[in-house]
Structure formats: structure tokens, C-alpha cells
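Peer 1: Just so it is clear, I am handing over data.txt, which has compact mmCIF, C-alpha atoms and all ligand atoms.
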# COMPACT_ATOMS: atom_id res chain seq x y z
CA MET S 151 35.82 40.01 -33.84
CA PRO S 152 32.21 39.72 -35.04
CA ALA S 153 31.59 39.93 -38.78
CA GLN S 154 30.53 43.32 -40.07
CA ARG S 155 27.91 44.61 -42.43
CA PRO S 156 27.54 48.21 -43.59
CA GLY S 157 25.59 50.45 -41.24
CA ALA S 158 23.01 53.04 -42.13
CA TYR S 159 25.12 55.92 -40.86
CA GLY S 160 28.45 55.23 -42.47
CA ALA S 161 29.79 53.11 -39.62
CA ASP S 162 29.61 49.33 -39.31
CA VAL S 163 26.86 47.63 -37.34
CA LEU S 164 28.14 44.78 -35.18
CA ASP S 165 26.82 41.39 -36.27
CA PRO S 166 25.32 39.63 -33.23
CA LEU S 167 25.83 36.14 -34.72
CA PRO S 168 28.66 34.28 -32.97
CA ARG S 169 31.34 32.89 -35.30
CA ALA S 170 34.18 30.46 -34.83
CA ARG S 171 37.31 32.52 -34.17
CA PRO S 172 40.96 31.54 -34.14
CA ARG S 173 42.41 31.55 -30.67
CA PRO S 174 45.22 34.02 -29.99
CA PRO S 175 48.61 32.64 -28.95
CA SER S 176 48.78 32.17 -25.18
CA ASP S 177 51.89 34.34 -24.87
CA VAL S 178 49.93 37.27 -26.33
CA VAL S 179 47.25 36.88 -23.66
CA ALA S 180 49.94 36.58 -21.00
CA ARG S 181 51.70 39.78 -22.15
CA LEU S 182 48.44 41.73 -22.13
CA ARG S 183 47.46 40.35 -18.73
CA ALA S 184 50.86 41.21 -17.27
CA ALA S 185 50.41 44.77 -18.56
CA GLY S 186 47.17 45.05 -16.57
CA CYS S 187 44.62 44.51 -19.36
CA VAL S 188 41.56 43.21 -17.49
CA PHE S 189 39.98 41.69 -20.61
CA ALA S 190 43.22 40.21 -21.93
CA GLU S 191 41.59 37.28 -23.80
CA GLU S 192 39.11 39.53 -25.63
CA GLU S 193 41.75 42.12 -26.45
CA ALA S 194 44.08 39.42 -27.77
CA GLU S 195 41.33 38.13 -30.08
CA LEU S 196 40.62 41.63 -31.41
CA LEU S 197 44.31 42.38 -31.99
CA LEU S 198 44.74 39.01 -33.69
CA ASP S 199 41.88 39.87 -36.03
CA ALA S 200 43.36 43.30 -36.75
CA ALA S 201 46.88 42.03 -37.46
CA GLY S 202 47.79 40.88 -40.95
CA SER S 203 50.77 38.82 -39.81
CA ALA S 204 52.51 37.47 -36.72
CA ALA S 205 55.00 40.36 -36.87
CA GLU S 206 52.19 42.92 -36.98
CA LEU S 207 50.43 41.22 -34.07
CA ASP S 208 53.66 41.45 -32.10
CA ARG S 209 53.91 45.18 -32.86
CA LEU S 210 50.27 45.83 -31.91
CA VAL S 211 50.66 43.94 -28.64
CA ALA S 212 53.83 45.90 -27.85
CA ARG S 213 52.00 49.20 -28.42
CA ARG S 214 49.05 48.04 -26.30
CA VAL S 215 51.41 46.97 -23.51
CA ALA S 216 53.02 50.42 -23.74
CA GLY S 217 49.60 51.96 -23.02
CA GLU S 218 47.95 52.88 -26.33
CA PRO S 219 44.16 52.61 -26.20
CA LEU S 220 42.87 49.39 -27.75
CA GLU S 221 40.38 51.33 -29.88
CA GLN S 222 43.06 53.53 -31.43
CA LEU S 223 45.11 50.42 -32.30
CA LEU S 224 42.10 48.72 -33.88
CA GLY S 225 41.02 51.95 -35.58
CA TRP S 226 37.45 51.62 -34.31
CA ALA S 227 35.37 51.75 -31.15
CA GLU S 228 32.04 50.10 -30.41
CA PHE S 229 29.33 52.48 -29.20
CA CYS S 230 25.58 51.78 -29.03
CA GLY S 231 26.10 48.59 -31.05
CA VAL S 232 27.87 50.32 -33.91
CA ARG S 233 31.54 50.39 -34.85
CA PHE S 234 32.94 53.93 -35.28
CA VAL S 235 36.26 54.91 -36.87
CA VAL S 236 38.72 56.38 -34.33
CA GLU S 237 41.96 57.97 -35.50
CA PRO S 238 44.97 58.28 -33.19
CA GLY S 239 44.50 61.17 -30.74
CA VAL S 240 40.73 61.32 -31.15
CA PHE S 241 38.57 60.86 -28.05
CA VAL S 242 37.31 57.28 -27.70
CA PRO S 243 33.52 57.30 -27.05
CA ARG S 244 32.81 56.18 -23.48
CA GLN S 245 30.02 53.77 -22.58
CA ARG S 246 28.61 56.23 -20.01
CA THR S 247 27.73 58.55 -22.91
CA ARG S 248 24.91 56.15 -23.81
CA LEU S 249 22.84 58.14 -21.29
CA LEU S 250 23.32 61.29 -23.37
CA VAL S 251 22.14 59.35 -26.44
CA ARG S 252 19.15 57.87 -24.61
CA GLU S 253 17.97 61.25 -23.33
CA ALA S 254 18.48 62.88 -26.74
CA VAL S 255 16.55 60.12 -28.52
CA ALA S 256 13.66 60.60 -26.07
CA ARG S 257 13.45 64.25 -27.16
CA ALA S 258 14.05 63.91 -30.92
CA ALA S 259 10.87 63.46 -32.94
CA PRO S 260 11.18 62.19 -36.52
CA GLY S 261 12.37 65.04 -38.72
CA ALA S 262 14.11 66.79 -35.81
CA VAL S 263 17.17 68.95 -36.38
CA VAL S 264 19.94 67.44 -34.22
CA LEU S 265 23.25 69.16 -33.54
CA ASP S 266 26.19 67.25 -32.02
CA LEU S 267 28.57 69.94 -30.75
CA CYS S 268 32.08 68.82 -29.72
CA CYS S 269 31.29 65.69 -31.73
CA GLY S 270 34.64 63.87 -31.63
CA THR S 271 34.13 60.73 -33.73
CA GLY S 272 30.51 61.78 -34.28
CA ALA S 273 29.30 58.68 -32.44
CA VAL S 274 26.71 60.49 -30.30
CA GLY S 275 24.92 62.22 -33.16
CA ALA S 276 25.14 59.13 -35.34
CA ALA S 277 23.67 56.94 -32.59
CA VAL S 278 20.80 59.40 -32.09
CA ALA S 279 20.17 59.50 -35.84
CA ALA S 280 20.24 55.70 -36.08
CA ALA S 281 17.75 55.35 -33.20
CA VAL S 282 15.32 58.03 -34.38
CA GLY S 283 15.66 57.08 -38.04
CA ASP S 284 14.83 60.39 -39.64
CA VAL S 285 16.72 63.43 -38.41
CA GLU S 286 18.60 66.33 -39.99
CA LEU S 287 22.00 65.76 -38.40
CA HIS S 288 24.72 68.40 -38.00
CA ALA S 289 27.98 67.96 -36.08
CA ALA S 290 31.04 70.07 -35.32
CA ASP S 291 34.41 69.82 -33.65
CA VAL S 292 37.52 71.99 -33.41
CA ASP S 293 39.93 69.08 -34.04
CA PRO S 294 40.47 68.28 -37.75
CA ALA S 295 41.24 64.61 -36.93
CA ALA S 296 37.91 64.31 -35.10
CA VAL S 297 36.13 65.99 -37.99
CA ARG S 298 37.72 63.49 -40.41
CA CYS S 299 36.40 60.61 -38.28
CA ALA S 300 32.94 62.15 -37.93
CA ARG S 301 32.71 62.62 -41.71
CA ARG S 302 33.33 58.89 -42.12
CA ASN S 303 31.04 57.87 -39.25
CA THR S 304 27.93 59.93 -39.95
CA ALA S 305 25.75 60.82 -42.89
CA GLY S 306 25.24 64.31 -41.42
CA ALA S 307 26.98 67.59 -42.22
CA VAL S 308 30.20 67.95 -40.20
CA TYR S 309 31.86 71.34 -39.64
CA CYS S 310 35.31 72.18 -38.28
CA GLY S 311 35.84 75.10 -35.90
CA ASP S 312 35.33 76.62 -32.48
CA LEU S 313 31.85 75.72 -31.12
CA TYR S 314 29.07 77.77 -32.75
CA ALA S 315 31.50 79.73 -34.96
CA ALA S 316 31.79 76.57 -37.08
CA LEU S 317 28.08 76.43 -37.89
CA PRO S 318 26.18 77.77 -40.91
CA VAL S 319 23.88 80.67 -39.96
CA HIS S 320 20.84 78.91 -41.43
CA LEU S 321 20.83 76.64 -38.36
CA ARG S 322 20.10 79.55 -35.99
CA GLY S 323 16.81 79.05 -34.17
CA ARG S 324 16.24 75.65 -35.85
CA VAL S 325 17.94 73.10 -33.59
CA ASP S 326 15.50 70.81 -31.78
CA VAL S 327 18.08 68.72 -29.93
CA LEU S 328 21.59 70.00 -29.19
CA VAL S 329 23.89 67.38 -27.64
CA GLY S 330 27.24 68.41 -26.27
CA ASN S 331 29.79 66.16 -24.67
CA ALA S 332 32.32 68.96 -24.28
CA PRO S 333 35.57 68.40 -22.35
CA TYR S 334 34.84 68.63 -18.61
CA VAL S 335 37.95 67.40 -16.78
CA PRO S 336 39.42 70.12 -14.53
CA THR S 337 42.95 70.94 -15.70
CA GLY S 338 44.44 69.82 -12.38
CA ALA S 339 42.75 66.41 -12.61
CA ILE S 340 44.17 65.48 -16.00
CA ALA S 341 47.36 64.17 -14.38
CA LEU S 342 45.18 61.72 -12.45
CA MET S 343 43.59 60.23 -15.58
CA PRO S 344 44.73 56.83 -16.89
CA PRO S 345 47.71 57.16 -19.27
CA GLU S 346 45.54 55.80 -22.10
CA ALA S 347 43.54 59.02 -21.93
CA ARG S 348 46.05 61.66 -20.90
CA GLU S 349 48.82 60.47 -23.25
CA HIS S 350 46.78 59.35 -26.26
CA GLU S 351 43.71 61.59 -26.46
CA ALA S 352 44.04 65.22 -27.54
CA ARG S 353 44.35 67.66 -24.64
CA ALA S 354 41.47 69.71 -26.10
CA ALA S 355 39.23 66.65 -25.79
CA LEU S 356 39.78 66.43 -22.05
CA ASP S 357 40.75 69.79 -20.57
CA GLY S 358 37.78 71.85 -19.39
CA GLY S 359 39.80 74.55 -17.61
CA ALA S 360 40.22 75.30 -13.90
CA ASP S 361 36.88 73.83 -12.77
CA GLY S 362 36.28 71.77 -15.91
CA LEU S 363 33.37 73.90 -17.08
CA ASP S 364 34.96 76.47 -19.41
CA VAL S 365 33.68 74.90 -22.64
CA GLN S 366 30.35 73.78 -21.14
CA ARG S 367 29.63 77.39 -20.08
CA ARG S 368 30.25 78.60 -23.62
CA VAL S 369 28.03 75.81 -25.01
CA ALA S 370 25.23 76.78 -22.60
CA ALA S 371 25.59 80.53 -23.20
CA GLY S 372 25.36 80.13 -26.97
CA ALA S 373 22.58 77.56 -27.07
CA PRO S 374 19.49 79.85 -26.92
CA ARG S 375 20.51 81.50 -30.19
CA TRP S 376 20.55 78.15 -32.01
CA LEU S 377 17.69 76.26 -30.34
CA ALA S 378 14.20 76.18 -31.81
CA GLY S 379 11.30 77.08 -29.49
CA GLY S 380 10.91 74.22 -27.00
CA GLY S 381 14.27 72.80 -28.12
CA HIS S 382 16.60 70.93 -25.77
CA LEU S 383 20.25 71.26 -24.84
CA LEU S 384 21.84 68.11 -23.35
CA ILE S 385 25.28 68.31 -21.74
CA GLU S 386 27.16 65.35 -20.28
CA THR S 387 28.83 66.20 -17.00
CA SER S 388 29.94 64.52 -13.78
CA ARG S 389 27.84 64.03 -10.68
CA ALA S 390 30.00 66.51 -8.74
CA GLN S 391 29.92 69.12 -11.50
CA ALA S 392 26.20 68.78 -12.26
CA PRO S 393 25.04 71.69 -10.05
CA ALA S 394 27.51 74.06 -11.75
CA THR S 395 26.60 72.75 -15.21
CA ALA S 396 22.91 73.21 -14.38
CA ALA S 397 23.64 76.76 -13.14
CA ALA S 398 25.28 77.56 -16.49
CA VAL S 399 22.24 76.22 -18.33
CA THR S 400 19.83 78.18 -16.12
CA GLY S 401 22.01 81.27 -16.49
CA ALA S 402 21.53 81.01 -20.25
CA GLY S 403 17.77 81.27 -19.75
CA LEU S 404 16.90 77.58 -20.15
CA GLU S 405 14.95 75.46 -17.71
CA ALA S 406 17.40 72.89 -16.34
CA ARG S 407 17.07 69.40 -14.91
CA VAL S 408 19.64 66.76 -14.02
CA VAL S 409 19.35 63.11 -15.07
CA ARG S 410 21.56 60.44 -13.53
CA ASP S 411 22.15 56.77 -14.37
CA VAL S 412 23.88 55.01 -11.51
CA ASP S 413 24.69 51.86 -13.50
CA LEU S 414 26.49 53.84 -16.21
CA ASP S 415 27.87 56.33 -13.64
CA ALA S 416 26.58 58.97 -16.03
CA THR S 417 25.07 62.42 -15.52
CA VAL S 418 23.39 64.65 -18.08
CA VAL S 419 22.06 68.17 -17.61
CA ILE S 420 19.10 68.97 -19.84
CA GLY S 421 18.09 72.53 -20.61
CA THR S 422 14.83 73.33 -22.37
CA ALA S 423 14.05 76.55 -24.21
CA ALA S 424 10.67 78.23 -23.86
CA ALA S 425 8.17 76.99 -26.43
C1 LIG S 501 35.07 64.71 -24.38
S1 LIG S 501 35.33 64.76 -26.12
C2 LIG S 501 33.74 64.14 -26.65
C3 LIG S 501 33.68 63.66 -28.05
C4 LIG S 501 32.34 63.02 -28.45
N1 LIG S 501 31.25 63.96 -28.27
C5 LIG S 501 32.08 61.79 -27.63
O1 LIG S 501 31.28 61.81 -26.69
O2 LIG S 501 32.70 60.77 -27.93
C6 LIG S 501 35.25 66.51 -26.40
C7 LIG S 501 35.38 66.96 -27.85
O3 LIG S 501 35.22 68.38 -27.85
C8 LIG S 501 36.08 68.94 -28.82
N2 LIG S 501 36.28 70.35 -28.48
C9 LIG S 501 36.98 70.88 -27.45
N3 LIG S 501 36.93 72.23 -27.47
C10 LIG S 501 36.15 72.55 -28.54
C11 LIG S 501 35.74 73.80 -29.12
N4 LIG S 501 36.09 74.97 -28.55
N5 LIG S 501 34.97 73.78 -30.23
C12 LIG S 501 34.61 72.60 -30.79
N6 LIG S 501 34.98 71.37 -30.30
C13 LIG S 501 35.74 71.37 -29.19
C14 LIG S 501 37.32 68.07 -28.73
O4 LIG S 501 38.10 68.19 -29.91
C15 LIG S 501 36.72 66.69 -28.50
O5 LIG S 501 36.53 66.01 -29.72
Before we go any further, please render this structure as C-alpha cells.

Peer 2:
Amino acid sequence: MPAQRPGAYGADVLDPLPRARPRPPSDVVARLRAAGCVFAEEEAELLLDAAGSAAELDRLVARRVAGEPLEQLLGWAEFCGVRFVVEPGVFVPRQRTRLLVREAVARAAPGAVVLDLCCGTGAVGAAVAAAVGDVELHAADVDPAAVRCARRNTAGAVYCGDLYAALPVHLRGRVDVLVGNAPYVPTGAIALMPPEAREHEARAALDGGADGLDVQRRVAAGAPRWLAGGGHLLIETSRAQAPATAAAVTGAGLEARVVRDVDLDATVVIGTAAA
């Protein structure tokens, strides 16, 4: 595992300098590979670093082989070059969500008010804040475990509750950039997700209702009340769901466009309020 130094937003920035690392025992790599871990060598090194003893390493490997997400075993996930705390059950930030960050950063001027709704670990808002350098960051989530993580991972204000009901009224009409990676998996598709997700991430982090858009629709419907003039709402979605997500954004009175990154397999719908 690379050495760490404190990050500007409460999390740890990964040190790019390579360091000599002890090699994990070959049987550990073999157990992980047999369990289907594609990056068995790298995972073994990370678990070795995380374990305080041979017995603890054995326990961590057993839990990984049984299907627990690597990030929840380590207690952190890397996202946009920063290490974020992840408690058990909390959604692990996905690499595709870098598109959401990129598009938000492009729209956040210095001094912008940024709101990360459905923030999970808070990684999205924190990454935007780190890239822009000077933002007023607010974040909210309904899951107390996620809120605990976000409070450790960001320097912003983090609220606990159901979408906009969690927010202080003074934010109304002031948000320049509202990012929302709300749950968008259709209920019927959850059974098809990898066990790492469906058994170890909170149901509320995944389940978006019958067509996956229940929470997104509520995010879109509420956004105009909180956005500043000319402000932007950015919602991560899937390629297949993008037209319906865009319709929800348009239905809320915002001008919608869809941005896609093929390499990340990522789709973001961006709604813009009238100036
Ligand atoms: C897909 S996860 C995304 C987390 C984070 N934004 C990220 O990209 O890593 C969705 C998050 O939405 C939260 N959530 C679901 N329903 C919510 C609601 N009604 N109000 C607030 N947060 C909600 C979940 O607890 C979960 O943390």
C-alpha cells in the first residue's frame, strides 16, 4: 500500500512514490485467486498491509474469499486519487462516478456552493471540493453510517435525513452545483448484482424502485427550489435509463443534456436552471 499523507479534505491523499513492500505469502494469493479475485496479487498486498498479524491476515482473507468487498475490509476506498473511509454497509464509490466529478468541477467556479445529495462516503463532493479548491460544500445522506463516513471524509457540512428534508433552509436558492448519485438500480435487477454489492452494501444505497428512478425523480423535482439562478443539477444514471432521467429533469423545469463517457461506462444527466 502506498504511504499516506494527510489530505486537504479530511481523507488521505495517495502518495505516488513507489516503496519497497513485503510480498504476501503465496498461499494468500492462491486463495484469493481461487475465489475469483482478478487482482489477487494486489489485493493480497493490501490485506497484508492492513493486517496486524498472521492470524488477522488469515481472517481478512477468509472474509474476502467469502465475498466481502475489499474496500470494506480495508476500511477505505480510493477515488480520484484520494483515500476515503468506508464503513461496513456503506456504498463503495465506483470509478465510473469520476465522470460526475469531472462534469461538476467544470461547472463549479471558485466560491461555488456545492451540494452532494445522497453523498454516501462523501467522496463525490470532497473530490469536487479538492479539484476546485474553494467551495462551500454541503452533503447529505439518509444512512447514519454514510453520514459518519462523510463527516470524516469531507470538511463540508454533512446532514442526515431524507433528501432535501435534511437541509438547512438557508441553502434554498443558493446551490450552484447539485450532484446526486442517488440509487438507480431497478428493484428486480438487484438480485443480478454481484454479491459484494447486494449482500454488503445497504439496500437503500442500491434500490431505486420499480424502474430504478424513484429517488432520482424526487431529486429532480426538488432541485429548482434549491438551485441558484443558472445553477446545475448533475445526476449519475445508466445509459439505458438516461432518457427517463432526462425527462424527470426536464419535467422539473430544467434544461437537460446527457453526457456519456464510453471508457468509464458512465452517464450523467445535467439539468440547468434558468439564469
Ligand atoms: C448509489 S449510493 C451513492 C453514494 C455516493 N454518492 C457515491 O457516489 O459514492 C446512493 C446513496 O444514496 C443514499 N440515499 C438513498 N435514499 C436516500 C434518501 N431518500 N435521502 C438521502 N439519501 C438517500 C444511500 O444511503 C446511499 O448512500

Peer 1: All residues within 8 Å of ligand LIG 501 (chain S) are required, counting only C-alpha atoms and all ligand atoms; please report them as a PDB file with C-alpha atoms, in the coordinates of the input.

Peer 2:
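Result file follows (result37.pdb):
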ATOM      1  CA  VAL S 240      40.730  61.320 -31.150  1.00  0.00           C
ATOM      2  CA  PHE S 241      38.570  60.860 -28.050  1.00  0.00           C
ATOM      3  CA  VAL S 242      37.310  57.280 -27.700  1.00  0.00           C
ATOM      4  CA  PRO S 243      33.520  57.300 -27.050  1.00  0.00           C
ATOM      5  CA  ARG S 244      32.810  56.180 -23.480  1.00  0.00           C
ATOM      6  CA  THR S 247      27.730  58.550 -22.910  1.00  0.00           C
ATOM      7  CA  ASP S 266      26.190  67.250 -32.020  1.00  0.00           C
ATOM      8  CA  LEU S 267      28.570  69.940 -30.750  1.00  0.00           C
ATOM      9  CA  CYS S 268      32.080  68.820 -29.720  1.00  0.00           C
ATOM     10  CA  CYS S 269      31.290  65.690 -31.730  1.00  0.00           C
ATOM     11  CA  GLY S 270      34.640  63.870 -31.630  1.00  0.00           C
ATOM     12  CA  THR S 271      34.130  60.730 -33.730  1.00  0.00           C
ATOM     13  CA  GLY S 272      30.510  61.780 -34.280  1.00  0.00           C
ATOM     14  CA  ALA S 273      29.300  58.680 -32.440  1.00  0.00           C
ATOM     15  CA  VAL S 274      26.710  60.490 -30.300  1.00  0.00           C
ATOM     16  CA  ALA S 290      31.040  70.070 -35.320  1.00  0.00           C
ATOM     17  CA  ASP S 291      34.410  69.820 -33.650  1.00  0.00           C
ATOM     18  CA  VAL S 292      37.520  71.990 -33.410  1.00  0.00           C
ATOM     19  CA  ASP S 293      39.930  69.080 -34.040  1.00  0.00           C
ATOM     20  CA  ALA S 296      37.910  64.310 -35.100  1.00  0.00           C
ATOM     21  CA  CYS S 310      35.310  72.180 -38.280  1.00  0.00           C
ATOM     22  CA  GLY S 311      35.840  75.100 -35.900  1.00  0.00           C
ATOM     23  CA  ASP S 312      35.330  76.620 -32.480  1.00  0.00           C
ATOM     24  CA  LEU S 313      31.850  75.720 -31.120  1.00  0.00           C
ATOM     25  CA  TYR S 314      29.070  77.770 -32.750  1.00  0.00           C
ATOM     26  CA  ALA S 316      31.790  76.570 -37.080  1.00  0.00           C
ATOM     27  CA  GLY S 330      27.240  68.410 -26.270  1.00  0.00           C
ATOM     28  CA  ASN S 331      29.790  66.160 -24.670  1.00  0.00           C
ATOM     29  CA  ALA S 332      32.320  68.960 -24.280  1.00  0.00           C
ATOM     30  CA  PRO S 333      35.570  68.400 -22.350  1.00  0.00           C
ATOM     31  CA  TYR S 334      34.840  68.630 -18.610  1.00  0.00           C
ATOM     32  CA  ALA S 352      44.040  65.220 -27.540  1.00  0.00           C
ATOM     33  CA  ALA S 354      41.470  69.710 -26.100  1.00  0.00           C
ATOM     34  CA  ALA S 355      39.230  66.650 -25.790  1.00  0.00           C
ATOM     35  CA  LEU S 356      39.780  66.430 -22.050  1.00  0.00           C
ATOM     36  CA  ASP S 357      40.750  69.790 -20.570  1.00  0.00           C
ATOM     37  CA  VAL S 365      33.680  74.900 -22.640  1.00  0.00           C
TER      38      VAL S 365
END

Peer 1: Here is a test: counting only C-alpha atoms, which residue of S:Leu249, S:Ala190, S:Val285, S:Val235 is nearest to S:Cys299?

Peer 2: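 Among S:Leu249, S:Ala190, S:Val285, S:Val235, it is S:Val235 that comes nearest to S:Cys299.
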
Peer 1: Please list as a PyMOL selection string every residue within 12 Å of S:Gly261, counting only C-alpha atoms and excluding residues in the same chain fewer than 2 positions away.

Peer 2: chain S and resi 257-259+263-264+279+282-287+324-327

Peer 1: Go ahead and write the residues just picked, C-alpha atoms, as a short mmCIF file (atom, residue, chain, number, x, y, z; two decimals), keeping the file's coordinate frame.

Peer 2:
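result_29.cif, written as the output of this step:
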data_model
loop_
_atom_site.label_atom_id
_atom_site.label_comp_id
_atom_site.auth_asym_id
_atom_site.auth_seq_id
_atom_site.Cartn_x
_atom_site.Cartn_y
_atom_site.Cartn_z
CA ARG S 257 13.45 64.25 -27.16
CA ALA S 258 14.05 63.91 -30.92
CA ALA S 259 10.87 63.46 -32.94
CA VAL S 263 17.17 68.95 -36.38
CA VAL S 264 19.94 67.44 -34.22
CA ALA S 279 20.17 59.50 -35.84
CA VAL S 282 15.32 58.03 -34.38
CA GLY S 283 15.66 57.08 -38.04
CA ASP S 284 14.83 60.39 -39.64
CA VAL S 285 16.72 63.43 -38.41
CA GLU S 286 18.60 66.33 -39.99
CA LEU S 287 22.00 65.76 -38.40
CA ARG S 324 16.24 75.65 -35.85
CA VAL S 325 17.94 73.10 -33.59
CA ASP S 326 15.50 70.81 -31.78
CA VAL S 327 18.08 68.72 -29.93
#

Peer 1: With a distance cut-off of 9 Å and all atoms listed in the file, select the neighbouring residues of S:Leu220, excluding the residue or stretch itself and same-chain residues fewer than 6 positions from it, and output the selection as a PyMOL selection string.

Peer 2: chain S and resi 193+196-197+214+226-227+346

Peer 1: Please compute the atom CA of S:Val278-atom CA of S:Gly231 distance, one decimal, in Å.

Peer 2: 12.1 Å

Peer 1: Report, in Å to a single decimal, how far apart atom CA of S:Val232 and atom CA of S:Glu192 are.

Peer 2: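 Separation of atom CA of S:Glu192 and atom CA of S:Val232: 17.6 Å.
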
Peer 1: Select, from S:Leu414, S:Val251, S:Ala205, S:Leu363, the residue with the minimum atom-to-atom distance to S:Leu384, counting all atoms listed in the file.

Peer 2: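 Ranking S:Leu414, S:Val251, S:Ala205, S:Leu363 by distance to S:Leu384, first place goes to S:Val251.
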
Peer 1: Which distance in Å separates atom CA of S:Arg302 and atom CA of S:Cys187, to one decimal?

Peer 2: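 Between atom CA of S:Arg302 and atom CA of S:Cys187 the gap works out to 29.2 Å.
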
Peer 1: Please work out which residues fall within 9 Å of (17.9, 75.9, -18.5), coordinates as given in the file, with all atoms listed in the file counting, and return them as a ChimeraX atom specification.

Peer 2: /S:370,382-383,396-407,419-423

Peer 1: Between S:Ala254, S:Pro318, S:Arg246, S:Arg301, which residue has the minimum interatomic distance to S:Ser388, considering all atoms listed in the file?

Peer 2: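 With all atoms listed in the file as the atom set, the closest residue is S:Arg246.
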
Peer 1: Have a look at S:Pro294, S:Pro172, S:Gly358, S:Gly306 and name the one nearest to S:Thr337; count only C-alpha atoms.

Peer 2: S:Gly358

Peer 1: Using only C-alpha atoms, which of S:Arg368, S:Arg183, S:Arg173, S:Arg213 sits nearest S:His350?

Peer 2: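 Of all the options, S:Arg213 lies closest to S:His350.
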
Peer 1: Counting only C-alpha atoms, which residue out of S:Ala300, S:Arg233, S:Val329, S:Gly217 sits closest to S:Val255?

Peer 2: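 Comparing S:Ala300, S:Arg233, S:Val329, S:Gly217 against S:Val255, the winner is S:Val329.
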